[in-house]
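Visitor: structure08.txt (compact mmCIF, N, CA and C atoms) pasted underneath:
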```
# COMPACT_ATOMS: atom_id res chain seq x y z
N MET A 126 127.70 89.75 100.45
CA MET A 126 126.85 90.50 101.36
C MET A 126 125.52 90.81 100.68
N GLY A 127 125.56 91.25 99.46
CA GLY A 127 124.34 91.49 98.71
C GLY A 127 123.62 92.78 99.06
N SER A 128 122.77 93.16 98.17
CA SER A 128 121.97 94.36 98.37
C SER A 128 120.68 93.94 99.10
N PRO A 129 120.16 94.67 100.01
CA PRO A 129 120.54 96.00 100.46
C PRO A 129 121.50 95.99 101.65
N LEU A 130 122.00 94.83 102.06
CA LEU A 130 122.88 94.79 103.23
C LEU A 130 124.15 95.61 103.03
N GLN A 131 124.73 95.57 101.84
CA GLN A 131 125.96 96.32 101.63
C GLN A 131 125.72 97.83 101.68
N GLU A 132 124.56 98.27 101.22
CA GLU A 132 124.23 99.69 101.31
C GLU A 132 124.00 100.09 102.77
N ARG A 133 123.36 99.20 103.53
CA ARG A 133 123.15 99.46 104.95
C ARG A 133 124.49 99.55 105.68
N PHE A 134 125.41 98.66 105.32
CA PHE A 134 126.74 98.67 105.92
C PHE A 134 127.45 100.00 105.64
N ALA A 135 127.38 100.47 104.39
CA ALA A 135 128.00 101.74 104.04
C ALA A 135 127.36 102.89 104.82
N ALA A 136 126.03 102.86 104.95
CA ALA A 136 125.34 103.90 105.72
C ALA A 136 125.72 103.83 107.20
N ASP A 137 125.87 102.62 107.73
CA ASP A 137 126.30 102.47 109.13
C ASP A 137 127.70 103.03 109.34
N LEU A 138 128.59 102.82 108.37
CA LEU A 138 129.94 103.39 108.47
C LEU A 138 129.87 104.91 108.54
N ARG A 139 129.06 105.50 107.66
CA ARG A 139 128.89 106.95 107.66
C ARG A 139 128.35 107.43 109.01
N ASP A 140 127.33 106.73 109.51
CA ASP A 140 126.72 107.12 110.78
C ASP A 140 127.68 106.97 111.95
N ALA A 141 128.66 106.07 111.81
CA ALA A 141 129.65 105.86 112.87
C ALA A 141 130.78 106.88 112.80
N GLY A 142 130.75 107.76 111.79
CA GLY A 142 131.76 108.81 111.72
C GLY A 142 132.71 108.73 110.55
N TYR A 143 132.62 107.70 109.73
CA TYR A 143 133.51 107.59 108.57
C TYR A 143 133.17 108.69 107.58
N ARG A 144 134.16 109.44 107.14
CA ARG A 144 133.92 110.57 106.24
C ARG A 144 134.58 110.40 104.88
N GLY A 145 135.05 109.22 104.58
CA GLY A 145 135.64 108.96 103.27
C GLY A 145 134.57 108.60 102.27
N ILE A 146 135.01 108.15 101.13
CA ILE A 146 134.10 107.70 100.08
C ILE A 146 134.02 106.19 100.14
N GLY A 147 132.83 105.64 100.09
CA GLY A 147 132.65 104.20 100.13
C GLY A 147 131.93 103.71 98.88
N PHE A 148 132.37 102.60 98.37
CA PHE A 148 131.73 101.97 97.21
C PHE A 148 131.32 100.56 97.61
N THR A 149 130.15 100.15 97.19
CA THR A 149 129.73 98.77 97.43
C THR A 149 130.08 97.96 96.19
N CYS A 150 130.14 96.65 96.36
CA CYS A 150 130.67 95.79 95.29
C CYS A 150 129.62 95.30 94.30
N GLY A 151 128.40 95.73 94.42
CA GLY A 151 127.39 95.30 93.46
C GLY A 151 127.19 93.80 93.50
N GLY A 152 127.21 93.18 92.35
CA GLY A 152 126.93 91.75 92.25
C GLY A 152 128.16 90.86 92.28
N PHE A 153 129.29 91.35 92.74
CA PHE A 153 130.53 90.59 92.67
C PHE A 153 130.41 89.20 93.27
N LEU A 154 129.82 89.08 94.46
CA LEU A 154 129.77 87.78 95.11
C LEU A 154 128.92 86.77 94.34
N HIS A 155 127.73 87.19 93.89
CA HIS A 155 126.90 86.21 93.16
C HIS A 155 127.44 85.96 91.75
N GLN A 156 128.16 86.92 91.20
CA GLN A 156 128.71 86.72 89.86
C GLN A 156 129.87 85.73 89.87
N THR A 157 130.62 85.69 90.93
CA THR A 157 131.82 84.86 90.96
C THR A 157 131.63 83.52 91.67
N THR A 158 130.41 83.17 92.03
CA THR A 158 130.21 81.90 92.72
C THR A 158 130.51 80.70 91.82
N SER A 159 130.23 80.81 90.54
CA SER A 159 130.50 79.68 89.65
C SER A 159 131.83 79.82 88.93
N ASP A 160 132.28 81.03 88.66
CA ASP A 160 133.53 81.24 87.93
C ASP A 160 134.01 82.66 88.17
N ILE A 161 135.28 82.83 88.45
CA ILE A 161 135.83 84.17 88.70
C ILE A 161 135.77 85.03 87.44
N ASN A 162 135.76 84.41 86.28
CA ASN A 162 135.66 85.14 85.02
C ASN A 162 134.21 85.18 84.56
N TYR A 163 133.42 85.99 85.21
CA TYR A 163 131.99 86.09 84.93
C TYR A 163 131.74 86.62 83.53
N TYR A 164 132.54 87.60 83.11
CA TYR A 164 132.35 88.22 81.81
C TYR A 164 133.27 87.59 80.76
N PRO A 165 132.75 87.36 79.56
CA PRO A 165 133.63 86.89 78.48
C PRO A 165 134.69 87.95 78.16
N ALA A 166 135.81 87.52 77.61
CA ALA A 166 136.93 88.43 77.33
C ALA A 166 136.51 89.60 76.44
N TRP A 167 135.69 89.33 75.43
CA TRP A 167 135.32 90.43 74.53
C TRP A 167 134.42 91.45 75.21
N ILE A 168 133.63 91.03 76.19
CA ILE A 168 132.80 91.98 76.96
C ILE A 168 133.72 92.91 77.75
N ASN A 169 134.74 92.35 78.41
CA ASN A 169 135.70 93.18 79.14
C ASN A 169 136.46 94.11 78.21
N ARG A 170 136.88 93.58 77.06
CA ARG A 170 137.68 94.36 76.12
C ARG A 170 136.94 95.60 75.66
N TYR A 171 135.65 95.47 75.41
CA TYR A 171 134.86 96.60 74.90
C TYR A 171 134.05 97.31 75.98
N ASN A 172 134.32 96.99 77.25
CA ASN A 172 133.66 97.65 78.39
C ASN A 172 132.13 97.61 78.28
N LEU A 173 131.60 96.41 78.07
CA LEU A 173 130.15 96.23 77.91
C LEU A 173 129.53 95.46 79.07
N ARG A 174 130.10 95.57 80.25
CA ARG A 174 129.64 94.79 81.39
C ARG A 174 128.18 95.03 81.75
N ALA A 175 127.76 96.27 81.78
CA ALA A 175 126.37 96.57 82.16
C ALA A 175 125.40 95.94 81.17
N PHE A 176 125.70 96.02 79.90
CA PHE A 176 124.81 95.44 78.88
C PHE A 176 124.79 93.92 78.96
N TYR A 177 125.93 93.34 79.29
CA TYR A 177 125.98 91.89 79.45
C TYR A 177 125.14 91.45 80.63
N ARG A 178 125.19 92.20 81.72
CA ARG A 178 124.37 91.87 82.89
C ARG A 178 122.89 91.99 82.57
N ILE A 179 122.51 92.98 81.79
CA ILE A 179 121.11 93.13 81.40
C ILE A 179 120.68 91.90 80.61
N TYR A 180 121.54 91.43 79.72
CA TYR A 180 121.23 90.25 78.92
C TYR A 180 121.18 88.99 79.77
N ARG A 181 122.19 88.80 80.62
CA ARG A 181 122.33 87.55 81.35
C ARG A 181 121.41 87.45 82.57
N GLU A 182 121.22 88.53 83.27
CA GLU A 182 120.46 88.52 84.52
C GLU A 182 119.10 89.18 84.29
N LYS A 183 118.19 88.42 83.83
CA LYS A 183 116.83 88.93 83.58
C LYS A 183 116.27 89.51 84.88
N GLY A 184 115.57 90.60 84.76
CA GLY A 184 115.01 91.24 85.94
C GLY A 184 115.83 92.41 86.43
N LEU A 185 117.04 92.54 85.93
CA LEU A 185 117.90 93.66 86.35
C LEU A 185 117.75 94.86 85.44
N VAL A 186 116.98 94.74 84.39
CA VAL A 186 116.90 95.81 83.40
C VAL A 186 116.51 97.14 84.03
N GLY A 187 115.43 97.16 84.78
CA GLY A 187 114.99 98.41 85.40
C GLY A 187 115.99 98.96 86.39
N ARG A 188 116.53 98.10 87.22
CA ARG A 188 117.48 98.55 88.24
C ARG A 188 118.76 99.07 87.60
N LEU A 189 119.30 98.34 86.64
CA LEU A 189 120.54 98.79 86.01
C LEU A 189 120.33 100.05 85.19
N TYR A 190 119.18 100.15 84.57
CA TYR A 190 118.88 101.36 83.80
C TYR A 190 118.93 102.58 84.70
N ASN A 191 118.30 102.47 85.87
CA ASN A 191 118.33 103.59 86.82
C ASN A 191 119.73 103.87 87.31
N VAL A 192 120.48 102.83 87.59
CA VAL A 192 121.85 103.02 88.08
C VAL A 192 122.72 103.68 87.03
N LEU A 193 122.58 103.24 85.80
CA LEU A 193 123.40 103.80 84.72
C LEU A 193 123.09 105.28 84.49
N LEU A 194 121.86 105.68 84.72
CA LEU A 194 121.50 107.08 84.53
C LEU A 194 121.70 107.92 85.78
N GLN A 195 121.34 107.37 86.94
CA GLN A 195 121.37 108.16 88.16
C GLN A 195 122.75 108.26 88.80
N PHE A 196 123.52 107.19 88.79
CA PHE A 196 124.78 107.18 89.53
C PHE A 196 125.74 108.29 89.11
N PRO A 197 126.01 108.48 87.82
CA PRO A 197 126.97 109.54 87.47
C PRO A 197 126.54 110.92 87.98
N ALA A 198 125.25 111.23 87.86
CA ALA A 198 124.77 112.53 88.32
C ALA A 198 124.86 112.65 89.84
N LEU A 199 124.41 111.63 90.56
CA LEU A 199 124.44 111.69 92.02
C LEU A 199 125.86 111.69 92.56
N PHE A 200 126.75 110.92 91.95
CA PHE A 200 128.14 110.89 92.38
C PHE A 200 128.79 112.26 92.19
N THR A 201 128.54 112.88 91.04
CA THR A 201 129.11 114.20 90.77
C THR A 201 128.59 115.23 91.77
N LEU A 202 127.28 115.24 92.00
CA LEU A 202 126.71 116.18 92.98
C LEU A 202 127.28 115.97 94.37
N ASP A 203 127.38 114.71 94.80
CA ASP A 203 127.90 114.41 96.12
C ASP A 203 129.36 114.84 96.25
N THR A 204 130.14 114.60 95.22
CA THR A 204 131.56 114.99 95.24
C THR A 204 131.69 116.51 95.31
N LEU A 205 130.90 117.22 94.52
CA LEU A 205 130.95 118.68 94.56
C LEU A 205 130.54 119.23 95.92
N ARG A 206 129.45 118.68 96.48
CA ARG A 206 129.02 119.12 97.82
C ARG A 206 130.09 118.86 98.86
N SER A 207 130.71 117.70 98.78
CA SER A 207 131.75 117.33 99.73
C SER A 207 132.94 118.29 99.64
N ARG A 208 133.37 118.58 98.44
CA ARG A 208 134.52 119.46 98.25
C ARG A 208 134.19 120.91 98.62
N LEU A 209 133.01 121.38 98.28
CA LEU A 209 132.63 122.73 98.64
C LEU A 209 132.46 122.87 100.15
N GLY A 210 131.95 121.84 100.80
CA GLY A 210 131.79 121.86 102.26
C GLY A 210 133.12 121.93 102.98
N ARG A 211 134.13 121.29 102.46
CA ARG A 211 135.46 121.33 103.10
C ARG A 211 136.11 122.69 102.98
N ARG A 212 135.85 123.39 101.89
CA ARG A 212 136.46 124.71 101.67
C ARG A 212 135.89 125.75 102.61
N LYS A 213 134.61 125.59 102.98
CA LYS A 213 133.97 126.57 103.85
C LYS A 213 134.53 126.48 105.27
N GLY A 214 134.93 125.27 105.67
CA GLY A 214 135.37 125.04 107.04
C GLY A 214 136.68 125.55 107.30
```
Would you mind writing the structure in this file as structure tokens?
Guide:
Amino acid sequence: MGSPLQERFAADLRDAGYRGIGFTCGGFLHQTTSDINYYPAWINRYNLRAFYRIYREKGLVGRLYNVLLQFPALFTLDTLRSRLGRRKG
């Protein structure tokens, strides 16, 4: 599906009334077009996928840097808001 279509799809689900948590698959489709084992075994073993993508996919440095820094904070805030909102109701 690719970005930004997958993000649009997740937003459309929310707008249609879905209230669960949704995750998009990132680069899964383009990563697996040539081989299902996109990452070498040692990259998986040491959990270095983001750094490998920065190395292999030139041009993703800025985007991945933002995702690596922003996602944990935004996910935590969204989860807290969601849980606090349910308690009030």
Visitor: Once 8 Å is added on each side, what are the centre and the three edge lengths, in Å to one decimal, of the axis-aligned box enclosing the listed atoms of region 136-143 of chain A? Present them as lines of an AutoDock Vina configuration file.
Guide:
```
center_x = 129.4
center_y = 105.6
center_z = 108.9
size_x = 24.2
size_y = 22.3
size_z = 23.9
```
Visitor: One decimal, in Å: what's the spacing between CA of Ile161 (chain A) and atom N of Arg174 (chain A)?
Guide: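 Between these atoms lies a distance of 15.3 Å.
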Visitor: Quote the spacing between atom C of Tyr171 (chain A) and atom N of Cys150 (chain A) in Å to one decimal place.
Guide: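 Atom-to-atom, atom C of Tyr171 (chain A) and atom N of Cys150 (chain A) are spaced 20.8 Å apart.
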Visitor: Record the distance separating atom C of Trp167 (chain A) and CA of Val192 (chain A), expressed in Å with one decimal.
Guide: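 For atom C of Trp167 (chain A) relative to CA of Val192 (chain A), the distance reads 21.4 Å.
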